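*Asks:* File input.cif follows (mmCIF, C-alpha atoms):
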data_target
#
loop_
_atom_site.label_atom_id
_atom_site.label_comp_id
_atom_site.auth_asym_id
_atom_site.auth_seq_id
_atom_site.Cartn_x
_atom_site.Cartn_y
_atom_site.Cartn_z
CA MET F 1 -0.35 -4.23 -29.87
CA ASP F 2 -1.40 -7.86 -29.64
CA CYS F 3 -2.66 -9.80 -26.61
CA ARG F 4 0.81 -10.96 -25.63
CA GLU F 5 2.20 -7.45 -25.60
CA VAL F 6 -0.81 -6.09 -23.78
CA GLN F 7 -0.54 -8.70 -21.05
CA GLY F 8 3.18 -8.13 -20.79
CA PHE F 9 2.71 -4.39 -20.33
CA ILE F 10 -0.34 -4.37 -18.09
CA HIS F 11 1.74 -3.25 -15.14
CA ALA F 12 3.60 -0.55 -17.03
CA PHE F 13 0.22 0.75 -18.19
CA LEU F 14 -1.41 0.67 -14.75
CA ASP F 15 1.67 2.10 -13.06
CA GLY F 16 1.45 5.17 -15.27
CA GLU F 17 4.73 4.49 -17.06
CA PHE F 18 3.24 4.72 -20.54
CA ASP F 19 3.41 7.86 -22.61
CA GLU F 20 0.35 9.26 -24.38
CA GLU F 21 0.84 7.37 -27.60
CA GLU F 22 1.46 4.05 -25.89
CA ARG F 23 -1.63 4.56 -23.82
CA VAL F 24 -3.75 5.13 -26.89
CA VAL F 25 -2.49 1.97 -28.58
CA PHE F 26 -2.93 -0.06 -25.41
CA SER F 27 -6.45 1.19 -24.78
CA ALA F 28 -7.45 0.59 -28.38
CA HIS F 29 -6.61 -3.08 -28.07
CA VAL F 30 -8.22 -3.48 -24.65
CA ARG F 31 -11.44 -1.88 -25.89
CA THR F 32 -11.91 -4.51 -28.56
CA CYS F 33 -10.53 -7.56 -26.74
CA GLU F 34 -12.71 -9.08 -24.04
CA GLY F 35 -9.96 -11.32 -22.65
CA CYS F 36 -7.44 -8.53 -22.24
CA ARG F 37 -10.04 -6.19 -20.82
CA ARG F 38 -10.91 -8.66 -18.10
CA ARG F 39 -7.25 -9.14 -17.38
CA VAL F 40 -6.65 -5.42 -17.03
CA GLU F 41 -9.70 -5.03 -14.82
CA PHE F 42 -8.55 -7.90 -12.65
CA GLU F 43 -5.10 -6.40 -12.20
CA GLU F 44 -6.70 -3.07 -11.34
CA SER F 45 -9.01 -4.53 -8.71
CA PHE F 46 -6.22 -6.72 -7.42
CA ARG F 47 -3.95 -3.82 -6.73
CA HIS F 48 -6.79 -1.82 -5.25
CA LYS F 49 -7.49 -4.66 -2.87
CA MET F 50 -3.83 -5.04 -2.03
CA ARG F 51 -3.35 -1.37 -1.39
CA GLN F 52 -6.33 -1.38 0.98
CA SER F 53 -4.98 -4.39 2.82
CA LEU F 54 -1.52 -2.95 3.24
CA VAL F 55 -2.14 0.71 3.84
CA GLU F 56 -4.63 0.50 6.67
CA GLU F 57 -2.09 -0.30 9.38
CA GLN F 58 0.43 2.20 8.15
CA ARG F 59 0.61 4.44 11.21
CA ALA F 60 3.84 4.89 13.06
CA PRO F 61 3.34 4.46 16.82
CA ALA F 62 3.54 7.67 18.83
CA ALA F 63 6.42 6.22 20.85
CA LEU F 64 8.44 5.83 17.66
CA ARG F 65 8.07 9.51 16.88
CA GLY F 66 9.48 10.30 20.30
CA ARG F 67 12.36 7.90 19.83
CA VAL F 68 13.29 9.37 16.47
CA ARG F 69 13.11 12.89 17.80
CA GLN F 70 15.40 12.00 20.68
CA ALA F 71 17.83 10.19 18.43
CA LEU F 72 18.04 13.21 16.13
CA ALA F 73 18.48 15.54 19.08
CA ARG F 74 21.48 13.46 20.18
CA GLU F 75 22.88 13.77 16.68
CA GLU F 76 22.58 17.52 16.81
CA ARG F 77 25.31 17.77 19.42
CA PRO F 78 28.35 19.11 17.56
CA GLU F 79 30.66 16.40 18.97
CA SER F 80 28.79 13.78 17.10
CA TRP F 81 29.14 15.35 13.68
CA VAL F 82 30.81 13.09 11.26
CA ILE F 83 31.36 15.84 8.80
CA ARG F 84 31.86 19.28 10.18
CA GLY F 85 32.25 21.09 6.94
CA LEU F 86 31.19 24.65 7.24
CA ARG F 87 29.34 25.01 10.45
CA TRP F 88 27.35 28.05 11.18
CA MET F 89 24.89 29.30 13.70
CA VAL F 90 21.94 27.73 12.02
CA PRO F 91 21.51 24.69 14.16
CA ALA F 92 21.78 21.33 12.55
CA ALA F 93 18.08 21.40 13.18
CA ALA F 94 17.91 22.92 9.73
CA ALA F 95 18.83 19.54 8.33
CA ALA F 96 16.48 17.88 10.75
CA ALA F 97 13.72 20.21 9.68
CA LEU F 98 14.32 19.20 6.11
CA LEU F 99 14.09 15.56 7.06
CA ILE F 100 11.24 15.78 9.45
CA GLY F 101 9.02 18.25 7.71
CA THR F 102 10.43 19.11 4.41
CA VAL F 103 9.32 21.75 1.99
CA LEU F 104 11.48 21.03 -0.97
CA SER F 105 9.16 20.75 -3.85
CA ARG F 106 8.78 23.98 -5.69
CA GLN F 107 5.06 23.55 -6.21
CA GLN F 108 4.50 23.80 -2.49
CA GLU F 109 6.48 26.99 -2.09
CA PRO F 110 4.33 29.79 -0.83
CA LYS F 111 4.50 33.03 -2.79
CA PRO F 112 6.34 35.14 -0.20
CA SER F 113 9.48 33.03 -0.31
CA ALA F 114 9.40 32.95 -4.11
CA ASN F 115 9.48 36.75 -4.14
CA LEU F 116 12.28 36.82 -1.59
CA ALA F 117 14.28 34.37 -3.68
CA GLU F 118 13.80 36.33 -6.88
CA SER F 119 14.83 39.53 -5.17
CA SER F 120 17.84 37.90 -3.48
CA ILE F 121 19.12 36.73 -6.83
CA GLN F 122 18.69 40.16 -8.38
CA TRP F 123 20.93 41.59 -5.67
CA HIS F 124 23.36 38.70 -5.83
CA ARG F 125 23.88 39.12 -9.57
CA ARG F 126 24.93 42.75 -9.29
CA THR F 127 28.62 42.03 -8.83
CA ASN F 128 29.89 45.63 -8.84
CA LEU F 129 27.52 46.91 -6.23
CA PRO F 130 29.20 49.42 -3.89
CA LEU F 131 29.31 48.27 -0.28
CA ASP F 132 28.43 50.53 2.65
CA VAL F 133 30.97 48.81 4.84
CA LYS F 134 34.05 46.88 3.79
CA ALA F 135 35.45 44.74 6.57
CA SER F 136 36.34 41.14 7.21
CA SER F 137 35.53 41.29 10.89
CA PRO F 138 31.96 40.35 11.78
CA GLU F 139 31.97 42.82 14.69
CA ALA F 140 32.71 45.78 12.44
CA VAL F 141 29.97 44.83 10.01
CA LYS F 142 27.51 44.14 12.78
CA GLY F 143 28.33 47.51 14.31
CA PHE F 144 27.58 49.23 11.06
CA PHE F 145 24.08 47.81 10.90
CA SER F 146 23.24 48.31 14.59
CA ASP F 147 21.46 51.65 14.18
CA LYS F 148 20.29 51.20 10.61
CA VAL F 149 17.81 48.34 10.66
CA PRO F 150 14.94 47.68 13.07
CA PHE F 151 15.98 44.10 13.86
CA ALA F 152 19.00 42.42 15.39
CA VAL F 153 21.65 41.45 12.86
CA HIS F 154 23.06 38.09 13.94
CA LEU F 155 25.83 37.27 11.53
CA PRO F 156 26.34 33.70 10.45
CA ALA F 157 29.10 32.12 12.51
CA PHE F 158 31.09 30.32 9.86
CA LYS F 159 33.82 28.29 11.46
CA ARG F 160 35.92 27.82 8.39
CA LYS F 161 38.62 30.24 7.35
CA ARG F 162 37.64 29.56 3.75
CA VAL F 163 34.50 31.59 4.25
CA GLN F 164 35.56 35.21 4.20
CA LEU F 165 33.43 38.22 4.93
CA VAL F 166 33.89 40.97 2.36
CA GLY F 167 31.46 43.58 3.64
CA GLY F 168 27.84 44.64 3.69
CA ARG F 169 25.25 47.17 2.68
CA LEU F 170 21.62 47.99 3.16
CA ALA F 171 19.27 46.34 0.74
CA ASN F 172 15.66 45.54 0.36
CA LEU F 173 14.02 42.28 -0.62
CA ARG F 174 10.80 43.61 -2.06
CA GLU F 175 9.19 45.50 0.79
CA HIS F 176 11.47 44.00 3.43
CA GLU F 177 14.50 45.85 4.69
CA ALA F 178 17.56 43.67 4.80
CA ALA F 179 21.17 43.68 5.86
CA TYR F 180 23.09 42.37 2.88
CA LEU F 181 26.39 40.62 3.54
CA VAL F 182 28.84 39.49 0.91
CA TYR F 183 31.10 36.51 1.56
CA ARG F 184 33.69 34.70 -0.48
CA VAL F 185 34.05 30.94 -0.43
CA ASP F 186 36.94 29.62 -2.53
CA GLY F 187 36.79 32.68 -4.73
CA ARG F 188 33.03 32.48 -5.23
CA ARG F 189 30.52 34.95 -3.94
CA VAL F 190 27.87 34.03 -1.44
CA SER F 191 25.18 36.57 -0.58
CA VAL F 192 23.56 36.47 2.82
CA PHE F 193 20.48 38.58 3.53
CA ILE F 194 19.34 39.12 7.07
CA PHE F 195 15.85 40.45 7.67
CA ASP F 196 12.92 40.32 10.01
CA LYS F 197 11.63 36.78 10.19
CA SER F 198 8.06 37.94 9.58
CA ALA F 199 8.97 38.00 5.90
CA LEU F 200 9.08 34.20 5.95
CA PRO F 201 6.34 31.65 6.47
CA ARG F 202 6.05 30.72 10.12
CA ASP F 203 7.65 27.30 10.13
CA ARG F 204 10.95 25.59 10.69
CA HIS F 205 11.45 24.64 7.11
CA VAL F 206 14.31 25.57 4.90
CA HIS F 207 12.70 26.88 1.76
CA TRP F 208 14.63 26.30 -1.42
CA GLN F 209 14.43 28.00 -4.73
CA ARG F 210 16.52 27.33 -7.77
CA LEU F 211 16.37 30.17 -10.26
CA ARG F 212 18.48 30.94 -13.30
CA GLY F 213 21.36 28.80 -12.14
CA TYR F 214 21.39 30.13 -8.60
CA ASN F 215 20.26 28.47 -5.42
CA VAL F 216 18.56 30.34 -2.64
CA ALA F 217 17.90 28.87 0.79
CA MET F 218 15.56 30.77 3.12
CA PHE F 219 14.86 30.00 6.73
CA SER F 220 14.49 31.62 10.09
CA SER F 221 16.65 31.05 13.09
CA ARG F 222 16.40 32.63 16.54
CA GLY F 223 13.98 35.28 15.48
CA THR F 224 15.92 36.32 12.40
CA GLY F 225 15.18 35.60 8.77
CA TYR F 226 17.93 34.53 6.39
CA ALA F 227 18.25 34.15 2.67
CA VAL F 228 21.45 32.71 1.24
CA ALA F 229 22.07 32.99 -2.48
CA SER F 230 24.96 31.65 -4.51
CA ASP F 231 25.91 29.70 -7.57
CA LEU F 232 27.42 26.96 -5.42
CA ASP F 233 26.09 23.54 -6.25
CA PRO F 234 23.21 22.27 -4.12
CA GLU F 235 25.37 19.95 -2.04
CA GLN F 236 27.78 22.71 -1.07
CA MET F 237 24.83 24.93 -0.26
CA VAL F 238 23.31 22.38 2.08
CA ARG F 239 26.62 22.03 3.86
CA LEU F 240 26.99 25.75 4.05
CA ILE F 241 23.69 26.28 5.77
CA SER F 242 23.39 23.05 7.73
CA TRP F 243 26.80 22.33 9.04
CA MET W 1 7.33 13.97 10.29
CA PRO W 2 5.24 13.46 7.19
CA HIS W 3 7.12 10.47 5.82
CA LEU W 4 7.39 8.57 9.07
CA ASP W 5 4.16 6.66 8.60
CA ALA W 6 5.19 5.61 5.12
CA LEU W 7 8.66 4.59 6.29
CA TYR W 8 7.20 2.66 9.18
CA GLY W 9 4.70 0.88 6.94
CA MET W 10 7.50 -0.11 4.62
CA ALA W 11 9.66 -1.23 7.55
CA VAL W 12 6.89 -3.46 8.91
CA ARG W 13 6.52 -5.08 5.52
CA LEU W 14 10.27 -5.57 5.20
CA THR W 15 11.07 -6.86 8.66
CA GLY W 16 7.83 -8.68 9.27
CA ASN W 17 7.44 -7.43 12.84
CA GLU W 18 6.83 -4.17 14.62
CA ARG W 19 9.82 -4.15 16.93
CA ASP W 20 12.38 -4.57 14.18
CA ALA W 21 10.42 -2.09 12.10
CA GLU W 22 10.75 0.60 14.78
CA ASP W 23 14.49 0.00 15.08
CA LEU W 24 14.84 0.13 11.33
CA VAL W 25 13.00 3.44 11.08
CA GLN W 26 15.05 4.98 13.86
CA ASP W 27 18.34 3.84 12.28
CA THR W 28 17.13 5.17 8.96
CA MET W 29 16.37 8.63 10.31
CA VAL W 30 19.71 8.87 12.09
CA LYS W 31 21.56 7.78 8.95
CA ALA W 32 19.58 10.19 6.80
CA PHE W 33 20.55 12.93 9.22
CA ARG W 34 24.25 12.03 9.15
CA PHE W 35 24.39 11.69 5.41
CA PHE W 36 22.15 14.56 4.63
CA HIS W 37 24.87 16.24 2.60
CA ARG W 38 24.37 13.52 -0.01
CA PHE W 39 20.81 14.54 -0.59
CA GLN W 40 20.24 16.60 -3.74
CA PRO W 41 17.98 19.51 -2.88
CA GLY W 42 15.07 19.62 -5.26
CA SER W 43 14.95 15.87 -5.73
CA ASN W 44 12.34 13.67 -4.08
CA ILE W 45 13.14 13.45 -0.38
CA LYS W 46 10.67 10.63 0.18
CA ALA W 47 12.44 8.49 -2.41
CA TRP W 48 15.77 9.37 -0.84
CA LEU W 49 14.58 8.37 2.63
CA PHE W 50 13.28 5.08 1.25
CA LYS W 51 16.65 4.44 -0.32
CA VAL W 52 18.32 4.98 3.04
CA LEU W 53 15.75 2.66 4.62
CA VAL W 54 16.30 -0.08 2.08
CA ASN W 55 20.09 0.14 2.40
CA THR W 56 19.85 0.08 6.16
CA PHE W 57 17.60 -2.94 5.98
CA TYR W 58 20.00 -4.84 3.76
CA ASN W 59 23.01 -3.87 5.88
CA THR W 60 21.61 -4.64 9.30
CA VAL W 61 18.35 -6.52 9.61
CA ARG W 62 19.07 -8.88 6.80
CA LYS W 63 22.43 -9.90 8.21
CA HIS W 64 20.72 -11.63 11.07
CA LYS W 65 18.29 -13.39 8.87
CA ASN W 66 19.67 -16.32 6.98
CA VAL W 67 16.56 -17.30 5.17
CA GLN W 68 17.29 -18.40 1.66
CA ARG W 69 14.23 -18.29 -0.42
CA LEU W 70 13.66 -20.12 -3.63
CA HIS W 71 13.31 -17.79 -6.56
CA ALA W 72 12.84 -20.33 -9.28
CA GLU W 73 9.13 -20.68 -8.75
CA ALA W 74 8.59 -17.02 -9.54
CA GLY W 75 9.63 -17.63 -13.09
CA GLU W 76 7.04 -20.27 -13.77
CA MET W 77 3.82 -19.14 -15.23
CA ASP W 78 0.78 -20.64 -13.75
CA GLY W 79 -1.65 -22.21 -16.17
CA HIS W 80 -4.31 -22.78 -13.56
CA LEU W 81 -4.52 -19.17 -12.50
CA ASP W 82 -4.76 -18.01 -16.10
CA LEU W 83 -7.49 -20.48 -16.84
CA PHE W 84 -9.32 -19.50 -13.72
CA LEU W 85 -9.17 -15.82 -14.59
CA ALA W 86 -10.39 -16.50 -18.09
CA SER W 87 -13.26 -18.64 -16.90
CA ALA W 88 -16.70 -17.28 -16.26
CA THR W 89 -18.26 -18.33 -12.99
CA THR W 90 -21.78 -19.44 -12.31
CA ALA W 91 -24.46 -17.15 -10.99
CA GLY W 92 -23.37 -14.43 -13.34
CA ARG W 93 -20.37 -13.42 -11.26
CA ARG W 94 -16.99 -13.24 -12.77
CA ALA W 95 -14.32 -15.57 -11.49
CA GLU W 96 -11.86 -12.82 -10.66
CA ASP W 97 -14.38 -10.82 -8.65
CA GLU W 98 -15.22 -13.94 -6.72
CA LEU W 99 -11.56 -14.49 -5.87
CA LEU W 100 -10.87 -10.94 -4.74
CA ASP W 101 -14.03 -10.61 -2.69
CA ARG W 102 -13.28 -13.74 -0.71
CA LEU W 103 -9.80 -12.76 0.34
CA ALA W 104 -9.33 -10.94 3.61
CA ALA W 105 -6.71 -8.25 4.18
CA GLU W 106 -4.89 -10.52 6.61
CA GLU W 107 -4.54 -13.20 3.95
CA ILE W 108 -3.10 -10.74 1.50
CA ARG W 109 -0.65 -9.49 4.07
CA SER W 110 0.61 -12.95 4.85
CA ALA W 111 0.93 -13.82 1.17
CA MET W 112 2.97 -10.64 0.82
CA GLU W 113 5.22 -11.71 3.68
CA GLU W 114 6.01 -14.94 1.90
CA LEU W 115 7.30 -13.18 -1.19
CA PRO W 116 11.07 -13.11 -1.56
CA ASP W 117 12.52 -9.76 -0.40
CA GLU W 118 13.37 -8.41 -3.86
CA PHE W 119 9.90 -8.94 -5.20
CA ARG W 120 8.15 -7.73 -2.08
CA LEU W 121 10.23 -4.58 -2.05
CA ALA W 122 9.43 -3.68 -5.64
CA VAL W 123 5.72 -4.46 -5.32
CA ILE W 124 5.25 -2.44 -2.14
CA LEU W 125 7.20 0.54 -3.46
CA SER W 126 5.02 0.61 -6.54
CA ASP W 127 1.58 -0.41 -5.28
CA VAL W 128 1.54 1.12 -1.83
CA HIS W 129 3.86 4.08 -2.18
CA ASP W 130 3.32 5.02 -5.81
CA PHE W 131 6.95 5.47 -6.73
CA THR W 132 7.77 5.55 -10.42
CA TYR W 133 9.92 2.80 -11.95
CA LYS W 134 12.81 5.22 -12.11
CA GLU W 135 12.49 6.11 -8.44
CA ILE W 136 12.24 2.44 -7.52
CA SER W 137 15.34 1.69 -9.54
CA GLU W 138 17.21 4.35 -7.56
CA ILE W 139 15.84 3.19 -4.23
CA ILE W 140 16.82 -0.43 -4.68
CA GLY W 141 19.81 0.26 -6.88
CA CYS W 142 19.07 -1.71 -10.02
CA PRO W 143 18.14 -0.92 -13.64
CA VAL W 144 14.57 -0.03 -14.61
CA GLY W 145 14.29 -3.27 -16.61
CA THR W 146 14.98 -5.26 -13.46
CA VAL W 147 12.36 -3.26 -11.60
CA MET W 148 9.82 -4.11 -14.28
CA SER W 149 10.54 -7.81 -14.23
CA ARG W 150 10.50 -7.94 -10.43
CA LEU W 151 7.16 -6.19 -10.37
CA HIS W 152 5.77 -8.50 -12.99
CA ARG W 153 6.98 -11.66 -11.33
CA GLY W 154 6.25 -10.45 -7.83
CA ARG W 155 2.63 -9.63 -8.57
CA ARG W 156 2.25 -12.85 -10.47
CA LEU W 157 3.62 -14.88 -7.56
CA LEU W 158 1.39 -13.09 -5.14
CA GLN W 159 -1.69 -13.73 -7.21
CA ARG W 160 -0.82 -17.37 -7.57
CA ARG W 161 -0.30 -17.81 -3.84
CA LEU W 162 -3.64 -16.18 -3.17
CA TYR W 163 -5.37 -18.28 -5.79
CA GLU W 164 -3.94 -21.47 -4.34
CA TYR W 165 -4.87 -20.36 -0.90
CA ALA W 166 -8.44 -19.58 -1.96
CA VAL W 167 -8.74 -23.02 -3.53
CA GLU W 168 -7.32 -24.68 -0.41
CA GLN W 169 -9.77 -22.86 1.80
CA GLY W 170 -12.62 -23.79 -0.50
CA TYR W 171 -13.38 -20.14 -1.28
CA ILE W 172 -13.40 -20.85 -4.97
CA GLU W 173 -13.73 -23.86 -7.25
CA PRO W 174 -10.53 -24.58 -9.10
CA VAL W 175 -10.70 -24.69 -12.86
CA GLN W 176 -9.87 -28.04 -14.41
CA ARG W 177 -7.61 -27.97 -17.36
CA GLU W 178 -9.75 -29.62 -19.93
CA GLY W 179 -7.89 -31.44 -22.65
CA SER W 180 -4.64 -30.03 -21.44
CA GLU W 181 -2.99 -33.44 -21.61
CA ALA W 182 -3.71 -33.74 -25.29
CA THR W 183 -2.37 -30.27 -25.98
CA ASP W 184 0.73 -30.93 -23.98
CA LEU W 185 1.35 -34.20 -25.74
CA GLU W 186 1.06 -32.57 -29.10
CA ALA W 187 3.40 -29.83 -28.07
CA TYR W 188 5.80 -32.43 -26.78
CA ARG W 189 5.73 -34.30 -30.08
CA ARG W 190 6.30 -31.16 -32.07
CA GLN W 191 9.22 -30.30 -29.90
CA ARG W 192 10.68 -33.78 -30.23
CA ALA W 193 10.30 -33.71 -33.96
CA ARG W 194 12.07 -30.35 -34.09
CA ARG W 195 14.87 -31.57 -31.92
CA ARG W 196 15.32 -34.65 -34.01
CA LYS W 197 15.52 -32.49 -37.11
CA GLU W 198 18.09 -30.21 -35.55
CA GLY W 199 20.07 -33.21 -34.35
CA LYS W 200 20.60 -34.44 -37.85
#
Before we go any further, please render this structure as structure tokens.

*Replies:*
Amino acid sequence: MDCREVQGFIHAFLDGEFDEEERVVFSAHVRTCEGCRRRVEFEESFRHKMRQSLVEEQRAPAALRGRVRQALAREERPESWVIRGLRWMVPAAAAAALLIGTVLSRQQEPKPSANLAESSIQWHRRTNLPLDVKASSPEAVKGFFSDKVPFAVHLPAFKRKRVQLVGGRLANLREHEAAYLVYRVDGRRVSVFIFDKSALPRDRHVHWQRLRGYNVAMFSSRGTGYAVASDLDPEQMVRLISW
Amino acid sequence: MPHLDALYGMAVRLTGNERDAEDLVQDTMVKAFRFFHRFQPGSNIKAWLFKVLVNTFYNTVRKHKNVQRLHAEAGEMDGHLDLFLASATTAGRRAEDELLDRLAAEEIRSAMEELPDEFRLAVILSDVHDFTYKEISEIIGCPVGTVMSRLHRGRRLLQRRLYEYAVEQGYIEPVQREGSEATDLEAYRRQRARRRKEGK
């Protein structure tokens, strides 16, 4: 690398866009060239100064928080939905929770939900699993579970006819007892696990896991924990659980 | 709302005032909520929110603002700034340290405000919010190469404005271009000679 190239790529270098090899070549030149070194140091201090100048006032006013919250609450009213899609009992707050306090990055996932996800997928993949109750009516399935699990089984209230209940059975996600419901959406299986919400971290987040080609969304709603597993693409999944 | 501060900071920089910034953030959050189905789970939600913010800004705020800025100047390189940066200063201090130390945050902010929107956007996304070039290209909807050139030119313009400002205020002594006339004349002659040759 010569001086012209170094000066042309100063920003790419400082912005962390260089790969290892490029960094080595760049640094080698800068080490031996006084002019380029000064230039790099100047750009570094310049952006440090700029960042300081611009970041310090970066606090949203408290009133704005309130305004946004209110605006989102107005949006949550079903009448205002632009796209209804598949709407279920999980309030649109699930989407709001994702926006307002999201836990999407896998690195941040706490262990408990990772275990739940893994276990949900193991169950979901067993396609020939016998069901304890076969019925398309939510009442019948709910009735079956009423005296078998120590928590209330609130079935998802899908509005669309496309989402069909196939049946359910008892299952366990690791040490947690669960009511396992099987649905069909356009010929594809969707597994819904209902369990005590204590199995999930205490927050309003929707926790996502993508494992071996399956997506699992986990969240709690009205005192109940849910895990939804399927091979639907992420967009369909979001609509399934948010709308 | 962990990204609200960042969105608000960006909105202030984009709109130039706090009232418009608040409206912009609110519109952004409502839009993000309505179009949430377009968000790809697993991708960077902060980048996605910024994209919504930038689009909202261009669609609404900017409509009311018919300020046409001159972009041509951004392309020019500035000989004086380069010379200044290369020069050593008296008292053992380096010229560039002198320049940076003298400038106040407020001066940097106002220089930033004067940058044309495209440049300002790219520079803030990179320097303040640490987005990668790829993320920036998705947020503002242009190729990575364009992001790079906007960053380069934007930072350059900013530095030049600040340098000129520092000279104006008497913070620093400008560097005289010694013998630059002679160099320019020679270059001019070479160029003329080349042109004449090509003309034949």

*Asks:* Residues of chain W within 7 Å of chain F: nearest atom pair and distance (Å, one decimal) for each, counting all atoms listed in the file, sorted by chain and number, as a Markdown table?

*Replies:*
| residue | atom | partner | partner_atom | distance |
| --- | --- | --- | --- | --- |
| W:Met1 | CA | F:Ile100 | CA | 4.4 |
| W:Pro2 | CA | F:Gly101 | CA | 6.1 |
| W:Leu4 | CA | F:Ala60 | CA | 6.5 |
| W:Asp5 | CA | F:Ala60 | CA | 4.8 |
| W:Ala6 | CA | F:Gln58 | CA | 6.6 |
| W:Tyr8 | CA | F:Ala60 | CA | 5.6 |
| W:Gly9 | CA | F:Gln58 | CA | 4.6 |
| W:Glu22 | CA | F:Leu64 | CA | 6.4 |
| W:Gln26 | CA | F:Val68 | CA | 5.4 |
| W:Met29 | CA | F:Val68 | CA | 6.9 |
| W:Val30 | CA | F:Leu72 | CA | 6.2 |
| W:Phe33 | CA | F:Ala96 | CA | 6.6 |
| W:Arg34 | CA | F:Val82 | CA | 7.0 |
| W:His37 | CA | F:Glu235 | CA | 6.0 |
| W:Arg38 | CA | F:Glu235 | CA | 6.8 |
| W:Gln40 | CA | F:Glu235 | CA | 6.4 |
| W:Pro41 | CA | F:Pro234 | CA | 6.0 |
| W:Gly42 | CA | F:Leu104 | CA | 5.8 |
| W:Ala86 | CA | F:Gly35 | CA | 6.9 |
| W:Glu96 | CA | F:Phe42 | CA | 6.3 |
| W:Leu100 | CA | F:Phe46 | CA | 6.8 |
| W:Ala105 | CA | F:Ser53 | CA | 4.4 |
| W:Ile108 | CA | F:Met50 | CA | 6.7 |
| W:Arg109 | CA | F:Leu54 | CA | 6.6 |
| W:Asp127 | CA | F:Arg51 | CA | 6.4 |
| W:Val128 | CA | F:Arg51 | CA | 5.5 |
| W:His152 | CA | F:His11 | CA | 7.0 |

*Asks:* Counting all atoms listed in the file, write as a list of chain:residue names all protein and nucleic acid residues lying at most 6 Å from (15.8, 8.0, 4.3) in the file's frame.

*Replies:*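 Residues with an atom at most 6 Å from (15.8, 8.0, 4.3): W:Thr28, W:Ala32, W:Trp48, W:Leu49, W:Phe50, W:Lys51, W:Val52, W:Leu53.
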
*Asks:* State, in Å with one decimal place, the distance from CA of Asp101 (chain W) to CA of Leu81 (chain W).

*Replies:* 16.1 Å

*Asks:* When you draw a straight line from CA of Val228 (chain F) to CA of Phe193 (chain F), how long is it in Å?

*Replies:*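 Atom-to-atom, CA of Val228 (chain F) and CA of Phe193 (chain F) are spaced 6.4 Å apart.
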
*Asks:* One number please: CA of Gly223 (chain F) to CA of Arg189 (chain F), in Å, one decimal.

*Replies:*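 Straight-line distance from CA of Gly223 (chain F) to CA of Arg189 (chain F) works out to 25.5 Å.
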
*Asks:* Extract, using all atoms listed in the file, all DNA, RNA and protein residues at most 12 Å from Tyr214 (chain F), discarding same-chain residues fewer than 6 positions from it, and format them as JSON, numbers by chain.

*Replies:* {"F": [117, 118, 119, 120, 121, 122, 123, 124, 125, 189, 190, 191, 208, 228, 229, 230, 231, 232, 233, 234, 237]}

*Asks:* Go through W:Phe119, W:Arg196, W:Asp23, W:Gly154 one by one, measure the shortest atom-to-atom distance of each to Leu7 (chain W) using all atoms listed in the file, and give the residue with the smallest value.

*Replies:*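 The closest residue to Leu7 (chain W) is W:Asp23.
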
*Asks:* For Leu151 (chain W), list every protein, DNA or RNA residue within 10 Å, evaluated using only C-alpha atoms, and leave out those in the same chain fewer than 4 positions away; present the list as a ChimeraX atom specification.

*Replies:* /F:11-12 /W:118-127,133,145-147,155-157

*Asks:* Nearest to Gly141 (chain W) among W:Met10, W:Leu24, W:Asn55, W:Arg190, with distances taken over all atoms listed in the file: which residue is it?

*Replies:*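 The shortest atom-to-atom distance to Gly141 (chain W) comes from W:Asn55.
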
*Asks:* Mind telling me what the PyMOL selection byres ((chain F and resi 195-204) around 6) catches here, as a ChimeraX atom specification?

*Replies:* /F:178,194,205,220,223-225
